[in-house]
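Everything below belongs to protein.cif, which stores mmCIF, C-alpha atoms.
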data_coords
loop_
_atom_site.label_atom_id
_atom_site.label_comp_id
_atom_site.auth_asym_id
_atom_site.auth_seq_id
_atom_site.Cartn_x
_atom_site.Cartn_y
_atom_site.Cartn_z
CA MET A 379 105.75 221.53 133.88
CA ARG A 380 102.28 220.09 134.33
CA LYS A 381 101.35 221.34 130.85
CA ILE A 382 104.36 219.56 129.32
CA SER A 383 103.48 216.34 131.16
CA THR A 384 99.88 216.55 129.93
CA LEU A 385 101.06 217.22 126.39
CA LEU A 386 103.46 214.26 126.52
CA ALA A 387 100.70 212.04 127.90
CA VAL A 388 98.37 213.05 125.04
CA VAL A 389 101.08 212.46 122.41
CA PHE A 390 101.96 209.08 123.98
CA SER A 391 98.28 208.04 124.09
CA LEU A 392 97.86 209.03 120.46
CA MET A 393 100.94 206.98 119.52
CA ILE A 394 99.69 203.94 121.43
CA GLY A 395 96.23 204.37 119.95
CA TYR A 396 97.69 204.64 116.46
CA SER A 397 99.83 201.53 117.04
CA VAL A 398 96.83 199.47 118.25
CA GLN A 399 94.71 200.81 115.38
CA ALA A 400 97.47 199.97 112.89
CA GLN A 401 97.53 196.41 114.19
CA THR A 402 93.90 195.90 113.20
CA ASP A 403 93.20 198.40 110.40
CA ASP A 404 96.05 197.92 107.98
CA ILE A 405 96.75 194.25 108.18
CA SER A 406 99.35 192.95 105.78
CA PRO A 407 98.45 190.30 103.17
CA GLU A 408 100.45 187.75 105.22
CA ARG A 409 98.40 188.46 108.37
CA LYS A 410 95.17 188.43 106.37
CA GLN A 411 96.14 185.06 104.92
CA ALA A 412 96.82 183.73 108.41
CA ILE A 413 93.34 184.84 109.49
CA ASP A 414 91.74 183.33 106.37
CA SER A 415 93.48 180.02 107.11
CA LEU A 416 92.47 180.16 110.77
CA ALA A 417 88.77 180.55 109.85
CA LEU A 418 88.99 177.67 107.37
CA GLU A 419 90.67 175.56 110.03
CA LYS A 420 87.77 176.20 112.44
CA VAL A 421 85.32 174.93 109.83
CA ARG A 422 87.47 171.85 109.28
CA ASP A 423 87.55 171.33 113.07
CA LEU A 424 83.73 171.52 113.09
CA SER A 425 83.61 168.99 110.27
CA LYS A 426 85.56 166.52 112.42
CA TYR A 427 83.37 167.23 115.47
CA VAL A 428 80.18 166.62 113.44
CA SER A 429 81.61 163.34 112.26
CA ILE A 430 82.51 162.25 115.84
CA ILE A 431 79.12 163.30 117.26
CA GLY A 432 77.23 161.51 114.49
CA ASN A 433 79.33 158.37 114.80
CA LYS A 434 77.29 155.72 116.67
CA SER A 435 80.44 154.14 118.08
CA THR A 436 81.37 157.32 119.94
CA PRO A 437 80.64 156.82 123.68
CA TRP A 438 77.86 159.06 125.01
CA SER A 439 80.14 160.97 127.43
CA GLU A 440 82.71 161.52 124.72
CA ALA A 441 80.05 162.77 122.29
CA ASN A 442 78.82 165.24 124.91
CA ARG A 443 82.35 166.50 125.50
CA VAL A 444 82.77 166.99 121.75
CA ILE A 445 79.41 168.80 121.58
CA ASP A 446 80.76 171.28 124.14
CA ARG A 447 83.88 171.84 122.01
CA ALA A 448 81.82 172.18 118.84
CA GLU A 449 79.43 174.64 120.47
CA GLU A 450 82.39 176.85 121.45
CA LEU A 451 83.07 177.43 117.76
CA PHE A 452 79.74 179.25 117.31
CA MET A 453 78.34 182.66 118.15
CA ALA A 454 75.57 182.65 120.73
CA GLY A 455 72.22 181.96 119.07
CA ALA A 456 73.70 180.55 115.84
CA GLU A 457 71.45 178.13 113.94
CA MET A 458 72.07 175.11 111.78
CA GLY A 459 69.88 174.30 108.79
CA VAL A 460 68.74 170.71 108.26
CA SER A 461 67.25 169.44 105.01
CA SER A 462 66.11 166.12 103.64
CA LEU A 463 65.34 164.55 100.29
CA VAL A 464 61.92 163.66 101.70
CA GLY A 465 60.60 167.24 101.50
CA PRO A 466 61.64 170.73 100.46
CA GLU A 467 61.41 172.15 103.97
CA VAL A 468 64.59 173.32 105.71
CA LYS A 469 64.43 173.29 109.49
CA TYR A 470 66.69 175.48 111.59
CA TYR A 471 67.90 174.41 115.02
CA ASN A 472 69.99 176.07 117.66
CA VAL A 473 73.46 174.47 117.22
CA ARG A 474 73.36 172.67 120.59
CA GLN A 475 69.96 171.25 119.73
CA TYR A 476 71.27 170.21 116.30
CA PHE A 477 74.26 168.34 117.79
CA GLU A 478 72.07 166.57 120.35
CA ARG A 479 69.64 165.50 117.60
CA LEU A 480 72.58 164.35 115.50
CA MET A 481 73.86 162.23 118.39
CA ARG A 482 70.44 160.56 118.79
CA LEU A 483 69.66 159.83 115.13
CA ASN A 484 67.74 156.62 114.80
CA TYR A 485 70.17 154.72 112.59
CA ASP A 486 72.63 151.96 113.43
CA ARG A 487 75.52 153.62 111.68
CA VAL A 488 75.95 157.15 110.42
CA GLU A 489 78.75 158.58 108.31
CA ILE A 490 79.08 162.31 107.81
CA GLU A 491 81.76 163.72 105.60
CA TRP A 492 82.39 167.36 104.73
CA PHE A 493 84.29 168.18 101.57
CA LYS A 494 85.04 171.08 99.21
CA ILE A 495 85.46 173.45 102.15
CA GLU A 496 86.26 176.83 100.60
CA TYR A 497 85.52 180.53 100.73
CA VAL A 498 82.54 181.63 98.68
CA SER A 499 82.94 185.18 99.93
CA ASP A 500 86.30 186.40 101.29
CA LEU A 501 86.63 187.88 104.76
CA GLN A 502 85.79 191.58 104.45
CA ARG A 503 86.41 194.18 107.14
CA GLN A 504 83.21 195.73 108.52
CA PRO A 505 82.99 199.26 110.01
CA ASP A 506 83.16 197.82 113.56
CA GLY A 507 86.44 196.03 112.76
CA THR A 508 84.93 192.55 112.46
CA TYR A 509 85.88 190.55 109.39
CA VAL A 510 82.95 188.69 107.87
CA GLY A 511 83.05 186.04 105.17
CA VAL A 512 81.17 182.99 103.93
CA ILE A 513 82.62 179.50 103.63
CA THR A 514 80.78 176.87 101.66
CA ILE A 515 80.90 173.16 102.41
CA PHE A 516 79.39 170.01 100.94
CA GLN A 517 78.11 167.44 103.43
CA LYS A 518 77.63 163.81 102.49
CA PHE A 519 75.31 162.08 104.95
CA SER A 520 74.98 158.30 104.84
CA ALA A 521 72.82 156.22 107.23
CA TYR A 522 72.90 152.42 107.53
CA ASP A 523 70.67 149.79 109.16
CA LYS A 524 71.66 146.92 111.47
CA GLU A 525 72.60 144.72 108.49
CA GLY A 526 74.88 147.43 107.15
CA GLY A 527 72.52 148.35 104.31
CA LEU A 528 72.41 151.95 103.17
CA VAL A 529 68.98 153.33 104.09
CA TYR A 530 69.43 157.01 103.42
CA GLU A 531 71.99 159.20 101.69
CA ASP A 532 72.13 162.81 100.57
CA THR A 533 74.61 165.56 99.77
CA THR A 534 73.90 169.05 101.03
CA LYS A 535 75.61 172.28 100.13
CA LYS A 536 75.77 174.61 103.12
CA ASP A 537 76.99 178.18 103.61
CA ILE A 538 78.63 179.10 106.89
CA THR A 539 78.98 182.75 107.85
CA VAL A 540 82.29 183.38 109.60
CA TYR A 541 83.04 186.29 111.94
CA VAL A 542 86.62 187.14 112.91
CA LYS A 543 87.29 189.82 115.48
CA ARG A 544 90.47 191.07 117.12
CA LYS A 545 90.27 190.74 120.90
CA GLU A 546 92.60 191.06 123.86
CA THR A 547 93.03 189.06 127.03
CA GLN A 548 95.51 189.04 129.88
CA ILE A 549 97.57 185.90 130.43
CA GLY A 550 100.46 185.65 132.88
CA GLY A 551 100.46 189.41 133.38
CA ARG A 552 100.73 190.29 129.70
CA ILE A 553 98.16 191.39 127.16
CA ILE A 554 97.60 188.89 124.38
CA GLY A 555 95.98 190.09 121.16
CA PHE A 556 94.17 187.29 119.39
CA TRP A 557 91.81 186.74 116.47
CA ASP A 558 88.56 185.23 117.68
CA VAL A 559 86.88 183.17 114.96
CA LEU A 560 83.19 182.49 115.51
CA LEU A 561 80.85 180.67 113.19
CA GLY A 562 77.39 182.06 112.55
CA ASP A 563 74.33 180.44 110.99
CA ILE A 564 74.82 177.47 108.70
CA ARG A 565 72.32 177.80 105.86
CA VAL A 566 71.25 175.02 103.52
CA LYS A 567 71.76 176.01 99.87
CA GLU A 568 70.78 172.80 98.09
CA THR A 569 70.23 169.12 98.78
CA SER A 570 70.69 166.34 96.27
CA LYS A 571 71.07 162.56 96.10
CA MET B 691 202.70 202.19 30.81
CA MET B 692 201.39 200.07 33.57
CA THR B 693 202.91 196.69 33.76
CA LYS B 694 200.78 193.57 33.87
CA GLN B 695 201.76 192.95 37.51
CA SER B 696 200.79 196.43 38.71
CA LEU B 697 197.44 196.15 36.90
CA LEU B 698 196.72 192.96 38.79
CA GLN B 699 197.60 194.70 42.06
CA THR B 700 195.22 197.53 41.28
CA ILE B 701 192.38 195.12 40.44
CA LYS B 702 192.92 193.22 43.71
CA LYS B 703 192.76 196.48 45.74
CA PHE B 704 189.61 197.61 43.95
CA THR B 705 187.96 194.24 44.52
CA LEU B 706 188.81 194.39 48.24
CA VAL B 707 187.38 197.94 48.60
CA LEU B 708 184.25 196.86 46.71
CA MET B 709 183.79 193.83 48.96
CA ILE B 710 184.21 195.93 52.10
CA ALA B 711 181.68 198.47 50.78
CA LEU B 712 179.20 195.70 49.93
CA VAL B 713 179.54 194.01 53.30
CA SER B 714 179.10 197.33 55.12
CA LEU B 715 176.04 198.24 53.11
CA GLY B 716 174.47 194.80 53.50
CA GLY B 717 174.96 194.76 57.34
CA ALA B 718 173.31 198.14 57.81
CA THR B 719 170.24 197.15 55.80
CA GLY B 720 169.77 193.86 57.84
CA CYS B 721 169.88 195.71 61.18
CA LYS B 722 167.27 198.18 60.03
CA SER B 723 164.74 195.45 59.00
CA LYS B 724 165.20 193.54 62.30
CA LYS B 725 164.18 196.66 64.29
CA LYS B 726 161.17 197.15 62.08
CA LEU B 727 160.17 193.55 62.56
CA ALA B 728 160.43 193.89 66.32
CA GLN B 729 158.28 197.03 66.21
CA GLU B 730 155.68 195.28 64.10
CA GLN B 731 155.71 192.32 66.45
CA ALA B 732 155.21 194.59 69.48
CA ALA B 733 152.37 196.42 67.77
CA ALA B 734 150.67 193.14 66.90
CA GLU B 735 151.11 191.93 70.44
CA TYR B 736 149.59 195.16 71.82
CA ALA B 737 146.66 194.95 69.39
CA SER B 738 146.08 191.35 70.41
CA LYS B 739 146.09 192.34 74.10
CA VAL B 740 143.63 195.15 73.43
CA GLU B 741 141.39 192.77 71.52
CA SER B 742 141.60 190.10 74.20
CA ALA B 743 140.99 192.67 76.99
CA LYS B 744 137.91 194.08 75.22
CA LYS B 745 136.53 190.58 74.61
CA ASP B 746 136.99 189.45 78.20
CA LEU B 747 135.80 192.70 79.77
CA ASN B 748 132.68 192.69 77.58
CA SER B 749 131.98 189.07 78.52
CA ILE B 750 132.22 189.98 82.20
CA LEU B 751 129.92 192.95 81.68
CA ASP B 752 127.34 190.99 79.64
CA GLY B 753 127.48 188.10 82.07
CA THR B 754 128.19 185.68 79.22
CA THR B 755 131.26 184.18 80.85
CA SER B 756 131.10 181.11 83.05
CA TRP B 757 133.97 182.30 85.26
CA SER B 758 133.53 182.44 88.99
CA LEU B 759 133.69 185.81 90.71
CA ALA B 760 137.29 185.10 91.84
CA GLU B 761 138.28 184.20 88.27
CA LYS B 762 136.67 187.37 86.95
CA GLU B 763 138.46 189.46 89.55
CA GLN B 764 141.77 187.80 88.67
CA ARG B 765 141.25 188.43 84.96
CA PHE B 766 140.32 192.05 85.68
CA GLN B 767 143.57 192.55 87.67
CA THR B 768 145.63 190.95 84.88
CA ILE B 769 144.12 193.21 82.23
CA LYS B 770 144.57 196.24 84.48
CA SER B 771 148.28 195.36 84.98
CA TRP B 772 148.83 195.55 81.20
CA ASN B 773 148.32 199.34 81.47
CA LEU B 774 146.76 199.49 78.04
CA GLU B 775 146.30 203.05 76.86
CA ASP B 776 143.26 202.25 74.77
CA THR B 777 140.33 204.52 75.73
CA ASP B 778 137.74 201.77 75.11
CA VAL B 779 139.61 199.37 77.39
CA GLN B 780 139.91 202.06 80.07
CA ALA B 781 136.14 202.69 79.92
CA LEU B 782 135.42 198.96 80.09
CA LEU B 783 137.78 198.56 83.05
CA ASP B 784 135.86 201.26 84.96
CA LYS B 785 132.53 199.57 84.24
CA VAL B 786 133.81 196.10 85.12
CA GLU B 787 135.37 197.39 88.34
CA ASP B 788 131.93 198.75 89.38
CA LYS B 789 130.19 195.54 88.36
CA LEU B 790 132.65 193.33 90.23
CA ALA B 791 132.33 195.51 93.34
CA ARG B 792 128.55 195.04 93.22
CA GLU B 793 128.92 191.28 92.65
CA ARG B 794 131.40 191.04 95.53
CA ALA B 795 129.01 192.94 97.84
CA ASP B 796 126.15 190.71 96.70
CA ALA B 797 128.18 187.55 97.28
CA GLU B 798 129.20 188.76 100.74
CA ARG B 799 125.56 189.57 101.57
CA LYS B 800 124.47 186.09 100.42
CA THR B 801 127.23 184.46 102.46
CA GLU B 802 126.12 186.44 105.52
CA GLU B 803 122.46 185.51 104.91
CA GLU B 804 123.42 181.86 104.56
CA ARG B 805 125.43 182.02 107.79
CA LEU B 806 122.46 183.60 109.61
CA ARG B 807 120.06 181.03 108.14
CA LYS B 808 122.27 178.18 109.31
CA GLU B 809 122.55 179.77 112.74
CA GLU B 810 118.75 180.11 112.93
CA GLU B 811 118.33 176.50 111.77
CA ALA B 812 120.73 175.32 114.45
CA ARG B 813 118.93 177.42 117.06
CA LEU B 814 115.53 176.05 116.02
CA LYS B 815 116.91 172.53 116.04
CA SER B 816 118.26 172.92 119.54
CA GLU B 817 114.99 174.58 120.67
CA THR B 818 112.98 171.76 119.11
CA SER B 819 115.07 169.07 120.69
CA LYS B 820 114.74 170.96 123.98
CA TYR B 821 110.98 170.43 123.75
CA ASP B 822 111.12 166.92 122.31
CA GLY B 823 109.35 165.46 125.35
CA ILE B 824 106.23 167.63 124.92
CA GLU B 825 106.32 167.43 121.13
CA ASN B 826 106.45 163.64 121.22
CA TYR B 827 103.38 163.49 123.46
CA PHE B 828 101.44 165.81 121.13
CA LYS B 829 102.42 163.78 118.07
CA ALA B 830 101.59 160.49 119.81
CA ILE B 831 98.12 161.73 120.88
CA ALA B 832 97.31 162.94 117.36
CA ALA B 833 98.50 159.64 115.88
CA SER B 834 96.71 157.40 118.40
CA PRO B 835 94.82 154.60 116.66
CA ASP B 836 92.01 154.58 119.22
CA GLN B 837 90.52 156.54 122.09
CA ALA B 838 92.03 154.39 124.85
CA THR B 839 95.56 154.91 123.54
CA ALA B 840 94.94 158.64 123.12
CA ASN B 841 93.59 158.93 126.68
CA GLU B 842 96.62 157.08 128.04
CA LYS B 843 98.96 159.49 126.25
CA ILE B 844 96.90 162.46 127.44
CA ALA B 845 97.25 161.29 131.04
CA GLY B 846 101.02 161.06 130.58
CA ALA B 847 101.24 164.48 128.95
CA LYS B 848 99.24 166.11 131.74
CA GLN B 849 102.00 165.12 134.20
CA LEU B 850 104.24 167.69 132.54
CA PHE B 851 101.86 170.54 133.37
CA ALA B 852 101.19 172.33 136.64
CA THR B 853 97.38 172.20 136.20
CA PRO B 854 94.90 171.16 133.48
CA ASP B 855 94.12 174.87 133.04
CA VAL B 856 97.62 175.91 132.00
CA PRO B 857 97.12 178.43 129.17
CA VAL B 858 98.08 177.42 125.66
CA LEU B 859 98.74 180.21 123.17
CA ILE B 860 98.97 179.48 119.48
CA ILE B 861 100.76 181.98 117.24
CA ILE B 862 99.13 182.11 113.81
CA SER B 863 101.44 184.77 112.34
CA GLN B 864 104.41 186.91 113.28
CA ALA B 865 104.95 190.34 111.74
CA GLY B 866 106.24 193.77 112.66
CA GLY B 867 107.55 192.60 116.00
CA PHE B 868 104.30 191.29 117.39
CA ASN B 869 102.41 188.00 117.31
CA ASP B 870 98.88 187.21 116.17
CA TYR B 871 97.31 184.46 118.24
CA ASP B 872 94.38 182.10 117.92
CA ARG B 873 91.85 182.23 120.77
CA PRO B 874 93.78 181.07 123.89
CA THR B 875 92.88 177.63 125.21
CA THR B 876 93.94 175.36 128.09
CA ILE B 877 96.22 172.35 127.97
CA SER B 878 93.33 170.05 128.89
CA LYS B 879 91.26 171.27 125.95
CA TYR B 880 94.27 171.30 123.64
CA LEU B 881 95.12 167.67 124.37
CA ASP B 882 91.51 166.68 123.67
CA TYR B 883 91.67 168.76 120.49
CA LEU B 884 94.65 166.69 119.30
CA LYS B 885 92.75 163.50 120.08
CA ASP B 886 89.63 164.69 118.19
CA GLN B 887 91.28 166.27 115.18
CA LYS B 888 94.08 163.69 114.90
CA VAL B 889 96.43 166.38 113.64
CA TYR B 890 99.36 168.16 115.27
CA ASN B 891 100.55 170.92 112.96
CA ASN B 892 102.18 173.27 115.47
CA ARG B 893 105.61 173.55 117.03
CA VAL B 894 106.54 174.46 120.61
CA GLN B 895 107.80 178.04 120.64
CA GLN B 896 108.15 178.86 124.32
CA VAL B 897 107.56 177.18 127.65
CA LYS B 898 107.34 178.61 131.17
CA TYR B 899 107.97 176.40 134.20
CA ASP B 900 107.24 176.65 137.91
CA THR B 901 109.69 175.78 140.68
CA ASN B 902 108.65 172.12 140.44
CA ASN B 903 109.66 172.12 136.77
CA ARG B 904 106.04 171.80 135.71
CA ILE B 905 104.81 173.82 132.75
CA THR B 906 102.74 176.89 133.63
CA GLU B 907 102.41 178.41 130.16
CA LEU B 908 102.85 176.98 126.68
CA GLU B 909 103.26 178.92 123.47
CA LEU B 910 102.93 177.09 120.16
CA ILE B 911 103.40 178.36 116.63
CA LYS B 912 101.72 177.17 113.45
CA LYS B 913 104.11 175.32 111.12
#

In structure tokens, how does this file's structure come out?
Amino acid sequence: MRKISTLLAVVFSLMIGYSVQAQTDDISPERKQAIDSLALEKVRDLSKYVSIIGNKSTPWSEANRVIDRAEELFMAGAEMGVSSLVGPEVKYYNVRQYFERLMRLNYDRVEIEWFKIEYVSDLQRQPDGTYVGVITIFQKFSAYDKEGGLVYEDTTKKDITVYVKRKETQIGGRIIGFWDVLLGDIRVKETSK
Amino acid sequence: MMTKQSLLQTIKKFTLVLMIALVSLGGATGCKSKKKLAQEQAAAEYASKVESAKKDLNSILDGTTSWSLAEKEQRFQTIKSWNLEDTDVQALLDKVEDKLARERADAERKTEEERLRKEEEARLKSETSKYDGIENYFKAIAASPDQATANEKIAGAKQLFATPDVPVLIIISQAGGFNDYDRPTTISKYLDYLKDQKVYNNRVQQVKYDTNNRITELELIKK
């Protein structure tokens, strides 16, 4: 009797294991598309956060709250590349540091707009189950003085590495399987006028 | 020698016999041609029916007719009732019967699908209207022209929830009987998210309440 119970337990565990594995290994094109869209949406969310943080009319407390939200989009230790038309050097900052610098930029008005947000490398499944892809964006940065005159403007192409991993959490007594999208380093590819 | 009078009598009799013979012969010939005519007419009618049956059955098979399914079925029954003994017509009738059975099954399946779709639509509509209060807050926050208005709406929306940490789950896809979610968040963060992003592109899927009728869990689904 005990042997039968053990055998049933093993078979049941294998079935459960297969089911969980099937949920992550063989994802249908529809599910993959949903994940692709989710990652793109996170980048668009970041684009809006960058714009709010950089906006001089955003109250300090509000900008700090948005920095917290923006930081949550990134993996721990992720860096953001910063370039300028003044020199060829690209500086890399921890994302929190980058947002705080962005908030304190010494201009009277700043406009930051991200456009052409698209995949340059599709999400590909890695051996550990994480999906990794690269999304490219173009950032137009415009800074103005007190009189409203444009004092600096550039357009930078940046590549954002995106990591998507299936995770589980317990909410209200049930297990929720979710796709956790985290942004990695944001690398400067080119800067132009 | 025959007298003149008896000769006349004989001629009269002969004429009468001749007339009777002629009339009899003529009547028989007329009857025979009428029968033949009727036979020819029947044959032509049969041939015309066969021709018409073949034409209509082929049109139904090729799908070149503009008749509705009911009209096609009616035409099929009419042709079948003619009991034509033409082998081509019989073969066509068999094929058309199969085709119409398939079309009928297809039409019934479509009708059932349409009925289910309408039922689902009605269900979604009633579900949506059930959550109109929450939905309207979300839409109003996303559409707020300024921060003060958004914050005012957020304060109002929070009254519907048991705590600011009520979990918010967002379904990104549904397949194979299970849901894929985005990273879970809280209602407080979600309301701020609507204010920051100025977009509400989800729909309320499920709501859990406590005994005070305050929301304790919210499930949204991407539109």

Expansion of the PyMOL selection byres ((chain A) within 6 of (chain B)) into residues, as a list of chain:residue names
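That selection, the PyMOL selection byres ((chain A) within 6 of (chain B)), comes back as A:Phe556, A:Trp557, A:Asp558.
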
Resulting file, chosen residues, C-alpha atoms, as a short mmCIF file (atom, residue, chain, number, x, y, z; two decimals), in the coordinates of the input:
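Wrote again-v8.cif, looks like this:
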data_model
loop_
_atom_site.label_atom_id
_atom_site.label_comp_id
_atom_site.auth_asym_id
_atom_site.auth_seq_id
_atom_site.Cartn_x
_atom_site.Cartn_y
_atom_site.Cartn_z
CA PHE A 556 94.17 187.29 119.39
CA TRP A 557 91.81 186.74 116.47
CA ASP A 558 88.56 185.23 117.68
#

Would you pick out the contacts of Ala840 in chain B at 12 Å or less, using only C-alpha atoms, so that residues sharing its chain but fewer than 3 positions from it are not included, and give the list as a ChimeraX atom specification?
/B:827-837,843-847,881-888

Report the residues retrieved by the PyMOL selection byres ((chain A and resi 506) around 12) from the displayed file, expressed as a ChimeraX atom specification.
/A:402-403,502-505,507-510,541-544

Can you work out the spacing between CA of Phe493 in chain A and CA of Phe516 in chain A in Å, to one decimal?
5.3 Å

Rounded to one decimal in Å, what is the spacing between CA of Glu735 in chain B and CA of Leu790 in chain B?
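Value for the CA of Glu735 in chain B-CA of Leu790 in chain B distance: 27.1 Å.
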
Do you know which residues the PyMOL selection byres ((chain A and resi 564-568) around 6) returns on this file, as a PDB file with C-alpha atoms, in the coordinates of the input?
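Here's the written file result_37.pdb:
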ATOM      1  CA  MET A 458      72.070 175.110 111.780  1.00  0.00           C
ATOM      2  CA  GLY A 459      69.880 174.300 108.790  1.00  0.00           C
ATOM      3  CA  THR A 534      73.900 169.050 101.030  1.00  0.00           C
ATOM      4  CA  LYS A 535      75.610 172.280 100.130  1.00  0.00           C
ATOM      5  CA  LYS A 536      75.770 174.610 103.120  1.00  0.00           C
ATOM      6  CA  ASP A 537      76.990 178.180 103.610  1.00  0.00           C
ATOM      7  CA  ILE A 538      78.630 179.100 106.890  1.00  0.00           C
ATOM      8  CA  ASP A 563      74.330 180.440 110.990  1.00  0.00           C
ATOM      9  CA  THR A 569      70.230 169.120  98.780  1.00  0.00           C
TER      10      THR A 569
END

Atom pair CA of Leu501 in chain A + CA of Val444 in chain A, distance 27.2 Å

Hey, what's within 12 Å of range 803-819 of chain B if we count all atoms listed in the file and toss same-chain stuff fewer than 4 positions away? As a ChimeraX atom specification, please?
/B:796-799,823-826,892-897,910-911

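Here the selection is built from only C-alpha atoms, and the residues within 10 Å of (74.8, 159.2, 114.4) turn out to be A:Val428, A:Ser429, A:Ile430, A:Ile431, A:Gly432, A:Asn433, A:Lys434, A:Ser435, A:Thr436, A:Phe477, A:Glu478, A:Arg479, A:Leu480, A:Met481, A:Arg482, A:Leu483, A:Asn484, A:Tyr485, A:Asp486, A:Arg487, A:Val488, A:Glu489, A:Ile490, A:Phe519, A:Ser520, A:Ala521, A:Tyr522.
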
From B:Leu697, B:Asn891, B:Tyr899, B:Leu751, residue lying nearest Lys913 in chain B [only C-alpha atoms]:
B:Asn891

I'd like the neighbourhood of Glu449 in chain A as number ranges by chain, where a residue qualifies if any of its atoms comes within 12 Å (using all atoms listed in the file), though same-chain residues fewer than 6 positions away should be ignored.
A: 420, 423-424, 427-428, 431, 442-443, 455-458, 472-478, 560-562

Within 12 Å of Asp776 in chain B, counting all atoms listed in the file, which residues qualify if same-chain residues fewer than 6 places away don't, as JSON, numbers by chain?
{"B": [736, 737, 739, 740, 741, 743, 744, 769, 770, 782, 783]}
